[in-house]
Structure formats: structure tokens, C-alpha cells
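Here is the file protein_31.cif (mmCIF, C-alpha atoms).
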```cif
data_my_file
#
loop_
_atom_site.group_PDB
_atom_site.id
_atom_site.type_symbol
_atom_site.label_atom_id
_atom_site.label_comp_id
_atom_site.auth_asym_id
_atom_site.auth_seq_id
_atom_site.Cartn_x
_atom_site.Cartn_y
_atom_site.Cartn_z
ATOM 1 C CA MET A 1 5.263 43.899 -1.802
ATOM 2 C CA THR A 2 5.031 41.722 -4.837
ATOM 3 C CA ARG A 3 4.527 38.555 -2.909
ATOM 4 C CA ASN A 4 1.064 37.717 -4.154
ATOM 5 C CA GLY A 5 1.983 38.582 -7.680
ATOM 6 C CA ASP A 6 5.071 36.407 -7.452
ATOM 7 C CA ARG A 7 3.152 33.455 -6.156
ATOM 8 C CA THR A 8 0.721 33.632 -9.034
ATOM 9 C CA ALA A 9 3.546 34.013 -11.498
ATOM 10 C CA LEU A 10 5.443 31.047 -10.063
ATOM 11 C CA ASP A 11 2.399 28.895 -9.927
ATOM 12 C CA PRO A 12 0.645 28.564 -13.250
ATOM 13 C CA LEU A 13 -1.679 25.979 -11.708
ATOM 14 C CA ILE A 14 -3.295 28.664 -9.611
ATOM 15 C CA ALA A 15 -3.508 31.166 -12.426
ATOM 16 C CA ARG A 16 -4.609 28.892 -15.234
ATOM 17 C CA PRO A 17 -8.178 27.919 -14.327
ATOM 18 C CA ARG A 18 -9.126 31.560 -13.853
ATOM 19 C CA GLU A 19 -8.475 32.434 -17.507
ATOM 20 C CA ALA A 20 -9.630 30.384 -20.413
ATOM 21 C CA PRO A 21 -12.608 31.786 -22.260
ATOM 22 C CA ASP A 22 -11.818 29.329 -25.076
ATOM 23 C CA VAL A 23 -13.701 26.086 -24.458
ATOM 24 C CA ARG A 24 -10.923 23.829 -25.731
ATOM 25 C CA THR A 25 -8.316 25.580 -23.620
ATOM 26 C CA ALA A 26 -10.580 25.295 -20.632
ATOM 27 C CA THR A 27 -10.989 21.557 -21.165
ATOM 28 C CA ALA A 28 -7.251 21.065 -21.498
ATOM 29 C CA ALA A 29 -6.673 23.095 -18.366
ATOM 30 C CA ALA A 30 -9.239 21.056 -16.478
ATOM 31 C CA ASP A 31 -7.534 17.839 -17.565
ATOM 32 C CA ASP A 32 -4.134 19.130 -16.466
ATOM 33 C CA TRP A 33 -5.640 20.205 -13.224
ATOM 34 C CA ALA A 34 -6.926 16.694 -12.575
ATOM 35 C CA THR A 35 -3.445 15.186 -12.861
ATOM 36 C CA VAL A 36 -1.627 17.442 -10.406
ATOM 37 C CA PRO A 37 -1.604 16.478 -6.737
ATOM 38 C CA PRO A 38 -4.447 18.094 -4.799
ATOM 39 C CA PRO A 39 -3.502 21.294 -2.966
ATOM 40 C CA ALA A 40 -3.682 19.525 0.392
ATOM 41 C CA VAL A 41 -0.405 17.705 -0.245
ATOM 42 C CA ARG A 42 1.527 20.815 -1.215
ATOM 43 C CA PRO A 43 2.864 21.817 2.177
ATOM 44 C CA VAL A 44 4.638 18.444 2.324
ATOM 45 C CA CYS A 45 6.718 19.512 -0.634
ATOM 46 C CA THR A 46 8.101 22.539 1.128
ATOM 47 C CA GLU A 47 11.068 22.110 3.437
ATOM 48 C CA ALA A 48 8.943 22.236 6.566
ATOM 49 C CA PRO A 49 8.423 18.954 8.429
ATOM 50 C CA SER A 50 4.898 17.580 8.819
ATOM 51 C CA VAL A 51 3.906 15.609 11.884
ATOM 52 C CA TYR A 52 1.254 12.880 11.849
ATOM 53 C CA ALA A 53 -0.272 11.068 14.799
ATOM 54 C CA VAL A 54 0.025 7.288 14.841
ATOM 55 C CA ARG A 55 -2.575 6.283 17.394
ATOM 56 C CA THR A 56 -5.239 4.358 15.479
ATOM 57 C CA GLU A 57 -5.467 2.006 12.525
ATOM 58 C CA GLU A 58 -6.964 4.841 10.489
ATOM 59 C CA ASP A 59 -3.833 6.859 11.264
ATOM 60 C CA LEU A 60 -1.764 4.130 9.607
ATOM 61 C CA VAL A 61 -3.781 4.584 6.409
ATOM 62 C CA THR A 62 -3.450 8.382 6.651
ATOM 63 C CA VAL A 63 0.294 8.078 7.117
ATOM 64 C CA ARG A 64 0.649 5.868 4.047
ATOM 65 C CA HIS A 65 -1.220 8.451 1.972
ATOM 66 C CA ALA A 66 0.886 11.315 3.298
ATOM 67 C CA VAL A 67 4.155 9.485 2.658
ATOM 68 C CA ARG A 68 3.043 8.555 -0.846
ATOM 69 C CA ALA A 69 2.131 12.173 -1.611
ATOM 70 C CA ALA A 70 5.464 13.384 -0.257
ATOM 71 C CA THR A 71 7.487 10.906 -2.346
ATOM 72 C CA VAL A 72 5.519 11.842 -5.469
ATOM 73 C CA GLY A 73 6.116 15.531 -4.733
ATOM 74 C CA LEU A 74 9.856 14.945 -4.385
ATOM 75 C CA GLY A 75 10.084 13.102 -7.692
ATOM 76 C CA PHE A 76 10.733 9.568 -6.464
ATOM 77 C CA GLY A 77 10.181 6.807 -9.039
ATOM 78 C CA ILE A 78 7.394 4.286 -8.538
ATOM 79 C CA VAL A 79 9.598 1.589 -6.961
ATOM 80 C CA ASP A 80 11.208 4.063 -4.559
ATOM 81 C CA GLN A 81 7.775 5.434 -3.678
ATOM 82 C CA THR A 82 6.658 1.914 -2.841
ATOM 83 C CA ARG A 83 9.812 1.248 -0.790
ATOM 84 C CA VAL A 84 9.388 4.372 1.311
ATOM 85 C CA VAL A 85 5.637 3.925 1.847
ATOM 86 C CA THR A 86 6.172 0.293 2.832
ATOM 87 C CA ALA A 87 8.977 1.191 5.257
ATOM 88 C CA ALA A 88 6.802 3.933 6.762
ATOM 89 C CA SER A 89 3.937 1.473 7.138
ATOM 90 C CA GLU A 90 6.177 -0.992 8.999
ATOM 91 C CA LEU A 91 7.634 1.660 11.283
ATOM 92 C CA ALA A 92 4.289 3.294 11.981
ATOM 93 C CA ARG A 93 2.731 -0.071 12.769
ATOM 94 C CA ASN A 94 5.549 -0.807 15.215
ATOM 95 C CA ALA A 95 4.894 2.496 16.981
ATOM 96 C CA TYR A 96 1.162 1.759 17.029
ATOM 97 C CA ALA A 97 1.310 -1.906 18.040
ATOM 98 C CA HIS A 98 4.374 -2.029 20.295
ATOM 99 C CA GLY A 99 4.934 1.566 21.329
ATOM 100 C CA GLY A 100 1.368 2.373 22.359
ATOM 101 C CA GLY A 101 1.105 4.989 19.608
ATOM 102 C CA GLY A 102 3.362 7.838 18.613
ATOM 103 C CA THR A 103 4.097 10.199 15.773
ATOM 104 C CA LEU A 104 5.582 10.119 12.316
ATOM 105 C CA THR A 105 7.393 13.184 11.014
ATOM 106 C CA LEU A 106 8.004 13.705 7.310
ATOM 107 C CA GLU A 107 10.810 15.990 6.308
ATOM 108 C CA PRO A 108 12.025 16.742 2.792
ATOM 109 C CA VAL A 109 15.817 16.997 2.883
ATOM 110 C CA ARG A 110 18.584 17.955 0.474
ATOM 111 C CA ARG A 111 22.168 16.876 0.054
ATOM 112 C CA GLY A 112 24.182 18.131 -2.865
ATOM 113 C CA GLY A 113 21.836 18.007 -5.821
ATOM 114 C CA ARG A 114 19.758 15.195 -4.417
ATOM 115 C CA ARG A 115 16.489 15.390 -2.628
ATOM 116 C CA GLY A 116 15.322 12.960 -0.047
ATOM 117 C CA LEU A 117 12.608 12.190 2.435
ATOM 118 C CA ARG A 118 13.375 11.659 6.093
ATOM 119 C CA LEU A 119 10.951 9.705 8.249
ATOM 120 C CA THR A 120 11.120 10.051 12.014
ATOM 121 C CA VAL A 121 8.903 7.625 13.894
ATOM 122 C CA ARG A 122 8.751 8.179 17.619
ATOM 123 C CA ASP A 123 6.885 6.442 20.401
ATOM 124 C CA GLU A 124 6.920 6.647 24.170
ATOM 125 C CA GLY A 125 6.465 2.907 24.600
ATOM 126 C CA PRO A 126 8.497 0.341 26.540
ATOM 127 C CA GLY A 127 11.473 0.579 24.191
ATOM 128 C CA ILE A 128 13.348 -2.314 22.616
ATOM 129 C CA PRO A 129 15.613 -4.205 25.045
ATOM 130 C CA ASP A 130 17.653 -5.946 22.334
ATOM 131 C CA VAL A 131 17.868 -3.890 19.157
ATOM 132 C CA GLU A 132 20.143 -6.321 17.324
ATOM 133 C CA SER A 133 17.608 -9.125 17.712
ATOM 134 C CA ALA A 134 14.763 -6.829 16.745
ATOM 135 C CA LEU A 135 16.566 -6.008 13.501
ATOM 136 C CA THR A 136 16.957 -9.706 12.694
ATOM 137 C CA ASP A 137 14.464 -11.206 10.258
ATOM 138 C CA GLY A 138 12.003 -13.547 11.888
ATOM 139 C CA PHE A 139 12.156 -11.872 15.283
ATOM 140 C CA THR A 140 8.673 -10.884 16.376
ATOM 141 C CA THR A 141 6.772 -10.198 19.534
ATOM 142 C CA GLY A 142 3.619 -9.098 17.757
ATOM 143 C CA THR A 143 1.333 -9.923 14.891
ATOM 144 C CA GLY A 144 3.613 -9.392 11.894
ATOM 145 C CA LEU A 145 6.192 -11.668 10.351
ATOM 146 C CA GLY A 146 9.192 -10.276 12.163
ATOM 147 C CA HIS A 147 10.504 -8.517 9.069
ATOM 148 C CA GLY A 148 9.289 -5.061 9.979
ATOM 149 C CA LEU A 149 12.310 -3.328 11.463
ATOM 150 C CA GLY A 150 15.040 -5.129 9.508
ATOM 151 C CA GLY A 151 12.964 -4.898 6.348
ATOM 152 C CA ALA A 152 12.381 -1.173 6.790
ATOM 153 C CA ARG A 153 16.134 -0.722 7.220
ATOM 154 C CA ARG A 154 16.775 -2.484 3.906
ATOM 155 C CA LEU A 155 14.192 -0.357 2.112
ATOM 156 C CA MET A 156 15.776 2.937 3.199
ATOM 157 C CA ASP A 157 19.221 4.401 2.435
ATOM 158 C CA GLU A 158 19.918 5.557 5.978
ATOM 159 C CA PHE A 159 18.524 4.117 9.159
ATOM 160 C CA ALA A 160 19.174 4.920 12.800
ATOM 161 C CA ILE A 161 17.372 3.686 15.864
ATOM 162 C CA GLU A 162 17.480 5.083 19.349
ATOM 163 C CA THR A 163 15.788 3.147 22.111
ATOM 164 C CA ALA A 164 16.168 2.076 25.705
ATOM 165 C CA PRO A 165 13.894 0.125 28.027
ATOM 166 C CA GLY A 166 11.249 2.477 29.403
ATOM 167 C CA ARG A 167 12.324 5.406 27.238
ATOM 168 C CA GLY A 168 10.494 4.766 24.001
ATOM 169 C CA THR A 169 11.843 4.266 20.520
ATOM 170 C CA THR A 170 12.825 6.701 17.780
ATOM 171 C CA VAL A 171 13.679 5.571 14.275
ATOM 172 C CA VAL A 172 15.096 8.034 11.749
ATOM 173 C CA ALA A 173 15.239 6.742 8.188
ATOM 174 C CA THR A 174 16.019 8.553 4.936
ATOM 175 C CA ARG A 175 15.702 7.622 1.309
ATOM 176 C CA TRP A 176 17.340 9.706 -1.437
ATOM 177 C CA THR A 177 16.094 10.211 -4.958
ATOM 178 C CA ALA A 178 18.180 8.679 -7.724
ATOM 179 C CA PRO A 179 21.099 11.001 -8.622
ATOM 180 C CA MET B 180 -24.134 -13.505 -3.768
ATOM 181 C CA THR B 181 -22.402 -10.215 -4.377
ATOM 182 C CA ALA B 182 -23.146 -8.584 -1.061
ATOM 183 C CA ALA B 183 -20.153 -6.893 0.500
ATOM 184 C CA GLY B 184 -19.732 -7.955 4.095
ATOM 185 C CA ARG B 185 -17.789 -6.368 6.895
ATOM 186 C CA ALA B 186 -14.649 -6.351 4.830
ATOM 187 C CA GLY B 187 -16.370 -4.068 2.324
ATOM 188 C CA VAL B 188 -15.365 -6.003 -0.781
ATOM 189 C CA PRO B 189 -17.666 -8.153 -2.889
ATOM 190 C CA ILE B 190 -16.994 -11.876 -3.100
ATOM 191 C CA LEU B 191 -18.465 -13.256 -6.337
ATOM 192 C CA ARG B 192 -19.132 -16.926 -6.985
ATOM 193 C CA LEU B 193 -18.521 -18.252 -10.493
ATOM 194 C CA GLY B 194 -19.247 -21.957 -10.445
ATOM 195 C CA ASP B 195 -16.963 -23.416 -7.807
ATOM 196 C CA VAL B 196 -14.587 -20.434 -7.854
ATOM 197 C CA LEU B 197 -14.836 -17.380 -5.613
ATOM 198 C CA VAL B 198 -13.567 -14.148 -7.123
ATOM 199 C CA THR B 199 -12.632 -11.184 -4.986
ATOM 200 C CA GLY B 200 -10.046 -8.482 -4.571
ATOM 201 C CA LEU B 201 -8.387 -6.168 -2.091
ATOM 202 C CA LEU B 202 -8.632 -2.400 -2.183
ATOM 203 C CA ASN B 203 -5.766 -0.050 -1.560
ATOM 204 C CA GLU B 204 -7.391 1.439 1.541
ATOM 205 C CA LEU B 205 -6.681 -1.693 3.510
ATOM 206 C CA ASP B 206 -6.465 -1.298 7.254
ATOM 207 C CA ASP B 207 -5.614 -4.154 9.590
ATOM 208 C CA THR B 208 -9.175 -4.774 10.788
ATOM 209 C CA THR B 209 -10.488 -4.877 7.224
ATOM 210 C CA ALA B 210 -7.741 -7.308 6.194
ATOM 211 C CA ALA B 211 -8.569 -9.639 9.080
ATOM 212 C CA ALA B 212 -12.327 -9.361 8.408
ATOM 213 C CA PHE B 213 -11.702 -10.169 4.760
ATOM 214 C CA ALA B 214 -9.770 -13.344 5.597
ATOM 215 C CA ASP B 215 -12.532 -14.407 7.999
ATOM 216 C CA GLU B 216 -15.326 -13.729 5.580
ATOM 217 C CA LEU B 217 -13.612 -15.426 2.671
ATOM 218 C CA THR B 218 -12.878 -18.520 4.744
ATOM 219 C CA ASN B 219 -16.552 -18.744 5.734
ATOM 220 C CA ARG B 220 -17.646 -18.297 2.146
ATOM 221 C CA ILE B 221 -15.345 -21.101 0.967
ATOM 222 C CA ALA B 222 -17.092 -23.469 3.351
ATOM 223 C CA ALA B 223 -20.624 -22.141 2.711
ATOM 224 C CA ASP B 224 -20.329 -22.149 -1.099
ATOM 225 C CA GLY B 225 -18.237 -25.292 -1.364
ATOM 226 C CA ALA B 226 -15.640 -23.369 -3.366
ATOM 227 C CA ARG B 227 -12.648 -25.245 -4.733
ATOM 228 C CA GLY B 228 -10.778 -22.212 -5.996
ATOM 229 C CA VAL B 229 -10.342 -18.604 -4.916
ATOM 230 C CA LEU B 230 -8.995 -15.765 -7.008
ATOM 231 C CA VAL B 231 -7.815 -12.741 -5.026
ATOM 232 C CA ASP B 232 -7.037 -9.772 -7.258
ATOM 233 C CA ILE B 233 -4.466 -7.463 -5.660
ATOM 234 C CA SER B 234 -3.812 -5.162 -8.610
ATOM 235 C CA ARG B 235 -5.214 -2.237 -6.606
ATOM 236 C CA LEU B 236 -2.781 -2.738 -3.718
ATOM 237 C CA GLU B 237 -0.060 -0.101 -3.893
ATOM 238 C CA ILE B 238 1.903 -1.635 -1.061
ATOM 239 C CA ILE B 239 2.066 -4.940 0.772
ATOM 240 C CA ASP B 240 3.620 -4.660 4.194
ATOM 241 C CA SER B 241 4.366 -7.537 6.541
ATOM 242 C CA TYR B 242 0.868 -7.454 8.036
ATOM 243 C CA VAL B 243 -0.897 -7.786 4.693
ATOM 244 C CA ALA B 244 1.628 -10.429 3.616
ATOM 245 C CA ARG B 245 0.852 -12.413 6.728
ATOM 246 C CA THR B 246 -2.880 -12.085 6.076
ATOM 247 C CA LEU B 247 -2.451 -13.460 2.543
ATOM 248 C CA MET B 248 -0.334 -16.366 3.791
ATOM 249 C CA GLU B 249 -2.816 -17.247 6.529
ATOM 250 C CA LEU B 250 -5.719 -16.964 4.132
ATOM 251 C CA THR B 251 -4.012 -19.350 1.729
ATOM 252 C CA THR B 252 -3.367 -21.862 4.497
ATOM 253 C CA MET B 253 -6.918 -21.705 5.859
ATOM 254 C CA ALA B 254 -8.341 -22.158 2.362
ATOM 255 C CA ARG B 255 -6.082 -25.125 1.731
ATOM 256 C CA LEU B 256 -7.273 -26.749 4.952
ATOM 257 C CA LEU B 257 -10.792 -26.379 3.565
ATOM 258 C CA GLY B 258 -9.776 -27.969 0.283
ATOM 259 C CA ALA B 259 -9.663 -24.780 -1.805
ATOM 260 C CA ARG B 260 -6.818 -23.406 -3.877
ATOM 261 C CA VAL B 261 -6.065 -19.684 -3.635
ATOM 262 C CA ILE B 262 -4.413 -17.715 -6.408
ATOM 263 C CA VAL B 263 -3.278 -14.165 -5.719
ATOM 264 C CA ALA B 264 -3.287 -12.281 -9.001
ATOM 265 C CA GLY B 265 -2.104 -8.957 -10.356
ATOM 266 C CA MET B 266 0.701 -7.919 -8.034
ATOM 267 C CA ARG B 267 2.314 -4.704 -9.212
ATOM 268 C CA PRO B 268 6.011 -4.999 -10.158
ATOM 269 C CA SER B 269 6.966 -2.287 -7.653
ATOM 270 C CA VAL B 270 5.212 -4.263 -4.910
ATOM 271 C CA ALA B 271 7.026 -7.465 -5.884
ATOM 272 C CA ILE B 272 10.418 -5.718 -5.776
ATOM 273 C CA THR B 273 9.668 -4.177 -2.393
ATOM 274 C CA LEU B 274 8.379 -7.446 -0.924
ATOM 275 C CA VAL B 275 11.579 -9.246 -1.836
ATOM 276 C CA GLU B 276 13.725 -6.508 -0.307
ATOM 277 C CA LEU B 277 11.551 -6.601 2.774
ATOM 278 C CA GLY B 278 12.427 -10.294 3.011
ATOM 279 C CA LEU B 279 8.936 -11.597 2.333
ATOM 280 C CA ARG B 280 8.501 -14.399 -0.172
ATOM 281 C CA LEU B 281 4.813 -15.129 0.435
ATOM 282 C CA THR B 282 5.839 -18.746 0.893
ATOM 283 C CA GLY B 283 3.039 -21.099 -0.066
ATOM 284 C CA VAL B 284 0.996 -18.424 -1.801
ATOM 285 C CA GLU B 285 0.289 -19.215 -5.447
ATOM 286 C CA THR B 286 0.350 -16.198 -7.766
ATOM 287 C CA ALA B 287 -0.611 -15.244 -11.296
ATOM 288 C CA LEU B 288 0.375 -12.258 -13.423
ATOM 289 C CA ASN B 289 -3.218 -11.115 -13.781
ATOM 290 C CA ALA B 290 -6.783 -12.174 -13.022
ATOM 291 C CA GLU B 291 -7.265 -13.788 -16.420
ATOM 292 C CA GLN B 292 -4.252 -16.070 -16.010
ATOM 293 C CA GLY B 293 -5.307 -16.782 -12.447
ATOM 294 C CA MET B 294 -8.746 -17.867 -13.576
ATOM 295 C CA ALA B 295 -7.176 -20.029 -16.295
ATOM 296 C CA ALA B 296 -5.029 -21.711 -13.664
ATOM 297 C CA LEU B 297 -8.211 -22.436 -11.708
ATOM 298 C CA GLY B 298 -9.680 -24.176 -14.720
ATOM 299 C CA TRP B 299 -11.631 -21.325 -16.312
ATOM 300 C CA ARG B 300 -11.179 -20.877 -20.055
ATOM 301 C CA ARG B 301 -12.654 -18.262 -22.286
ATOM 302 C CA THR B 302 -15.019 -20.298 -24.458
ATOM 303 C CA GLN B 303 -15.301 -19.730 -28.212
ATOM 304 C CA GLN B 304 -18.637 -18.722 -29.654
ATOM 305 C CA PRO B 305 -20.253 -21.750 -31.336
ATOM 306 C CA ARG B 306 -19.703 -21.535 -35.091
ATOM 307 C CA GLY B 307 -22.471 -20.333 -37.371
ATOM 308 C CA GLU B 308 -24.424 -18.923 -34.495
ATOM 309 C CA ALA B 309 -24.310 -15.184 -33.916
ATOM 310 C CA PRO B 310 -24.250 -14.051 -30.324
ATOM 311 C CA ARG B 311 -27.719 -13.019 -29.271
ATOM 312 C CA ASP B 312 -26.830 -9.395 -28.589
ATOM 313 C CA ALA B 313 -24.751 -8.962 -31.736
ATOM 314 C CA GLN B 314 -27.600 -7.116 -33.488
ATOM 315 C CA ARG B 315 -27.799 -4.259 -31.002
#
```
In C-alpha cells, what does this structure look like?
Amino acid sequence: MTRNGDRTALDPLIARPREAPDVRTATAAADDWATVPPPAVRPVCTEAPSVYAVRTEEDLVTVRHAVRAATVGLGFGIVDQTRVVTAASELARNAYAHGGGGTLTLEPVRRGGRRGLRLTVRDEGPGIPDVESALTDGFTTGTGLGHGLGGARRLMDEFAIETAPGRGTTVVATRWTAP
Amino acid sequence: MTAAGRAGVPILRLGDVLVTGLLNELDDTTAAAFADELTNRIAADGARGVLVDISRLEIIDSYVARTLMELTTMARLLGARVIVAGMRPSVAITLVELGLRLTGVETALNAEQGMAALGWRRTQQPRGEAPRDAQR
């Protein structure tokens, strides 16, 4: 098996800090190292989905960080990163505030040559009786401004919502990188 | 004067202006505590202007937007003018798409312009007189 060897070969970031007897090279390597995302965010960049709990206010902060890291890893520009993180924040807050808590799933996706990030926000709450109204700006039953759901839809390229009274709410939203 | 309260951010007083800012790690409780604390400080310090630097905020969602709007209104009721300074361009674009205009919230490109709008000017050194620490 050459698996370990391959991984090292494919990943200069792992190999680099272990070499470097030259002081200047070592400094440069250390600087490079500081600018790459920390190893903790790497699994997000693989094609496997990551699931995050949305049960507390701290979870909302964690989710924003995770979504940011995922968009950076997928090569989204700064405005698109901000759009996706903001949409995720709105959707996660809905699940937390109205749905009694839930989960957010992050999934890197591909279509043609484009990469994208799919957010799935699920709660087991009371559901939304009138989805059309809920998607209308200014409609609110909670503490926000009533732009959350409709706003999140505008910030994402694809947006689907599945809900029924008593059966919770699931929102699936995807944003694609620029072609 | 610089003690950070529950909200965890310092609120500085410069004359009759309070200067503060929001950090990126803003959760809902912190945002609400910040608005509370700042409102109390406006009354306690008799502030007539408030500069809120938001250049560290990487996103503004509808909750934070609402907090800023409420803060501005509460301050105005107390006779103080709030200027929100330093919004990132990506945040501005996203806010507009989200449908949020921050109605009633006065803004400035950066803290310096915000302070100027509140009546603070960078003063020139008096002529012929070297600044005291110029020798060091």
C-alpha cells in the first residue's frame, strides 16, 4: 500500500514543516502554514456531509464558523462567503428559535465543473402552517425582522422548503461557486 | 471608564462621545446585553454621540440588524446620535439582498469619518511648538 506515501506527496502542507534545516526556509514555511485553514476544517472540504447541532446560541456561532470555513475551502469569493454564512445564520436561528432546535448539514456538491455548498437545516418543531406568508418580507412571529426565510432564499441559488404543521421543517439551500 | 461589562466590549468615553465596537463572535445574548449596556452608559455619561465600529463584523443577519436599529432608536430617545461605522462591502451587499436597509441607522465609511461627523476633528499641532514626545 502506498496510501501514506501518497497522502504526504499530495499534501505538501503536511510534509513541509518536517524538513527545513535552513532558517529562512523554515520561516517562510511557518508563514505559509499560518495562512492555510487549520486542519480541523479539512474534513468539510471532502465530499462527506458534516452535521452540526443547532440547540443553543453557542451552536449558532459554531455553525457560522463551520459554514465560513466550508465556503473558503470550496473557493467562494468574499461576497458569496458572506451570503452563504448569512443565509445559514438565518436558517439556523429559525430552527433554534421556532423549531425548538435542530441540525444543520453541510455538504459540498458538484455539478459540471462547478462546486457548491448545500445547507440542510432540519427541525422537529411545529412546522410552518403558511409557507408563502413565511417567505414574505416583514412576516415574523419571533424576534427578527421577518426577512429571515425570504432573505435566505434570495441569498442562495437554490432553495426548497418542506414543512407541515406538527411535522417540523426542512430547508435545503445551495449556492454555487462562480463558473 | 474602559471596563468591559457583560457584553464583553469596552465602551470608551471621549468628551461627550462614546466609542465602542462589535466583535465578530456576536451571539444573540451578547448583542442584547451590548444594547442594554450602551443605553445605560448614554444616560449615565450624558453622551450626545455614539460611534459603533462594526468593521470586525463578518456578517450582519436580521437579528443583529434589528439590534442596531433598536439601539439607534433608544439612543435617539435619550438625545444621542449613533453612527455605525466601518461596514464591510460584502456585508453591505448581503444586507441589501437580505432586504434590510437599516432604516434610521446613520453610517460612516470608517471610524475616523464617523468621529468627524460627531464633531471630532484631528487638531493640528500648534506651530513652532514641538510635540512633547518628539525627542524620544
(request) Show which residues sit within 9 Å of A:Ala160, as a PyMOL selection string. Count all atoms listed in the file, and ignore same-chain residues fewer than 3 positions away. (result) chain A and resi 153+170-173
(message) Taking only C-alpha atoms into account, find every residue of chain A that has an atom no more than 7 Å from chain B, and write it out as a PyMOL selection string.
(response) chain A and resi 57-58+61+78-79+82-83+86+89-90+144-145+147-148+151-152+154-155
Export C-alpha atoms of the chosen residues as an mmCIF file, in the coordinates of the input?
```
data_model
loop_
_atom_site.group_PDB
_atom_site.id
_atom_site.type_symbol
_atom_site.label_atom_id
_atom_site.label_comp_id
_atom_site.auth_asym_id
_atom_site.auth_seq_id
_atom_site.Cartn_x
_atom_site.Cartn_y
_atom_site.Cartn_z
ATOM 1 C CA GLU A 57 -5.467 2.006 12.525
ATOM 2 C CA GLU A 58 -6.964 4.841 10.489
ATOM 3 C CA VAL A 61 -3.781 4.584 6.409
ATOM 4 C CA ILE A 78 7.394 4.286 -8.538
ATOM 5 C CA VAL A 79 9.598 1.589 -6.961
ATOM 6 C CA THR A 82 6.658 1.914 -2.841
ATOM 7 C CA ARG A 83 9.812 1.248 -0.790
ATOM 8 C CA THR A 86 6.172 0.293 2.832
ATOM 9 C CA SER A 89 3.937 1.473 7.138
ATOM 10 C CA GLU A 90 6.177 -0.992 8.999
ATOM 11 C CA GLY A 144 3.613 -9.392 11.894
ATOM 12 C CA LEU A 145 6.192 -11.668 10.351
ATOM 13 C CA HIS A 147 10.504 -8.517 9.069
ATOM 14 C CA GLY A 148 9.289 -5.061 9.979
ATOM 15 C CA GLY A 151 12.964 -4.898 6.348
ATOM 16 C CA ALA A 152 12.381 -1.173 6.790
ATOM 17 C CA ARG A 154 16.775 -2.484 3.906
ATOM 18 C CA LEU A 155 14.192 -0.357 2.112
#
```
(request) Name the residues that the PyMOL selection byres ((chain A and resi 174) around 9) picks from the file above, as a list in words, using the file's chain letters and numbers. (result) Val84, Val109, Gly116, Leu117, Arg118, Leu119, Thr120, Met156, Asp157, Glu158, Phe159, Val172, Ala173, Arg175 and Trp176 of chain A
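Atom to atom, atom CA of B:Val229 and atom CA of B:Val263 stand 8.4 Å apart.
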(message) Please enumerate the residues selected by the PyMOL selection byres ((chain B and resi 287-299) around 12) when evaluated against the supplied file, formatted as a PyMOL selection string.
(response) chain B and resi 193-200+226-235+259-268+271+284-286+300-302
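Note that atom CA of A:Thr103 and atom CA of A:Val121 are 5.8 Å apart.
Atom CA of B:Met248 sits 22.1 Å away from atom CA of A:Leu135.
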